[in-house]
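Engineer: Structure in structure tokens, see below.
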Amino acid sequence: WLKGIERLLPAPASPARLRARRVRMAKAAKGSKAGRKTQEPVTRDYTVHLHKYLHKTQFKKRAPRAIRAIRRFAEKVMMTKDIRIDTKLNKFVWSNGIRNIPHRVRVRMSRKRNEDEEAKEKMFTLCQHVPVESFKGLQTEVVRED
């Protein structure tokens, strides 16, 4: 009965086939690292939709969680672990109290080089508040620093 099962199982791969598979996988892994470019200093304006991130959050945790949501958003889009929130942005988020957070906030995120020699991260992101009249039609913009 074992002979019948052997016919159902796939044939073992030849050594040449295994070697070719390893070479393909190695090339794929090398290609993904080669595509990664170094981080450059850049400044962009983003609209963060806080209302979306604070859905079903209890009242006494809304403002602190909004700050954490801004941190998480900045970490994702700017690809740095070190995020620094400006005091004006913090004041804007807390302006209506702990419960009533603004639905949206316009944030200028600047990726900068870390001047500190013994810093773990080479770059950090500074998040600043950009006051706007209306959020209608706003998109992510790269800010030129002249």
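Going by the structure tokens order, chains are called A, B, ..., each with residues numbered from 1, while ligands are numbered from 1 in the order shown.
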With only C-alpha atoms as the counted atoms, please give the residues lying no more than 7 Å from Thr125 in chain A, apart from itself and same-chain residues fewer than 6 positions off, as a list in words.
Structural biologist: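 Once the adjacent positions are removed, what remains is Thr80, Asp82, Ile83, Arg84, Met109, Ser110, Arg111 and Lys112 of chain A.
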Engineer: Would you write out those residues with N, CA, C and O atoms, as an mmCIF file, in the first residue's frame?
Structural biologist:
data_model
loop_
_atom_site.group_PDB
_atom_site.id
_atom_site.type_symbol
_atom_site.label_atom_id
_atom_site.label_comp_id
_atom_site.auth_asym_id
_atom_site.auth_seq_id
_atom_site.Cartn_x
_atom_site.Cartn_y
_atom_site.Cartn_z
ATOM 1 N N THR A 80 10.397 57.892 10.719
ATOM 2 C CA THR A 80 11.358 58.123 11.801
ATOM 3 C C THR A 80 10.715 57.686 13.109
ATOM 4 O O THR A 80 9.498 57.785 13.270
ATOM 5 N N ASP A 82 11.786 58.961 16.142
ATOM 6 C CA ASP A 82 11.833 60.122 17.044
ATOM 7 C C ASP A 82 10.875 61.191 16.528
ATOM 8 O O ASP A 82 11.136 61.837 15.511
ATOM 9 N N ILE A 83 9.736 61.377 17.212
ATOM 10 C CA ILE A 83 8.725 62.368 16.818
ATOM 11 C C ILE A 83 8.633 63.420 17.910
ATOM 12 O O ILE A 83 8.476 63.090 19.085
ATOM 13 N N ARG A 84 8.724 64.698 17.528
ATOM 14 C CA ARG A 84 8.621 65.792 18.503
ATOM 15 C C ARG A 84 7.419 66.653 18.156
ATOM 16 O O ARG A 84 7.304 67.173 17.044
ATOM 17 N N MET A 109 5.017 68.593 8.982
ATOM 18 C CA MET A 109 5.970 67.597 9.482
ATOM 19 C C MET A 109 7.306 67.794 8.778
ATOM 20 O O MET A 109 7.373 67.715 7.547
ATOM 21 N N SER A 110 8.336 68.049 9.573
ATOM 22 C CA SER A 110 9.674 68.292 9.039
ATOM 23 C C SER A 110 10.612 67.200 9.501
ATOM 24 O O SER A 110 10.830 67.043 10.707
ATOM 25 N N ARG A 111 11.157 66.442 8.550
ATOM 26 C CA ARG A 111 12.176 65.456 8.891
ATOM 27 C C ARG A 111 13.522 66.173 8.878
ATOM 28 O O ARG A 111 13.900 66.775 7.880
ATOM 29 N N LYS A 112 14.211 66.121 10.019
ATOM 30 C CA LYS A 112 15.471 66.853 10.163
ATOM 31 C C LYS A 112 16.572 65.928 10.643
ATOM 32 O O LYS A 112 16.305 64.894 11.234
#
Engineer: Lys122 in chain A: which residues within 12 Å, counting only C-alpha atoms, same-chain residues fewer than 6 positions away excluded, as a VMD selection string?
Structural biologist: chain A and resid 38 to 41 79 to 82 111 to 116
Engineer: Within 7 Å of Arg106 in chain A, counting only C-alpha atoms, which residues show up once you throw out same-chain ones fewer than 3 positions away? Write them as a ChimeraX atom specification, please.
Structural biologist: /A:45-48,129-131
Engineer: If you keep C-alpha atoms, can you produce a file of those selected residues as a short mmCIF file (atom, residue, chain, number, x, y, z; two decimals), in the first residue's frame?
Structural biologist:
data_model
loop_
_atom_site.label_atom_id
_atom_site.label_comp_id
_atom_site.auth_asym_id
_atom_site.auth_seq_id
_atom_site.Cartn_x
_atom_site.Cartn_y
_atom_site.Cartn_z
CA ASP A 45 1.97 69.64 5.23
CA TYR A 46 -0.56 66.92 6.11
CA THR A 47 -4.17 66.97 7.25
CA VAL A 48 -4.66 64.51 10.11
CA HIS A 129 0.44 73.26 13.74
CA VAL A 130 -0.57 75.09 10.55
CA PRO A 131 -3.69 77.24 11.11
#
Engineer: Write out as a PyMOL selection string the set of residues from chain A that DSSP, computed on the backbone, places in helix (DSSP H, G or I).
Structural biologist: chain A and resi 2-8+15-34+50-53+59-78+87-94
Engineer: Would you kindly return, as a PyMOL selection string, each protein, DNA or RNA residue with an atom no farther than 9 Å from any atom of range 60-71 of chain A, considering only C-alpha atoms and excluding same-chain residues fewer than 2 positions away?
Structural biologist: chain A and resi 48+50-51+53-54+57-58+73-76+83-85+90+93-94+97-101+107+127
Engineer: What is the CA of Val77 in chain A-CA of Phe59 in chain A distance in Å, reported with one decimal?
Structural biologist: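 Here the two named atoms are 27.5 Å from each other.
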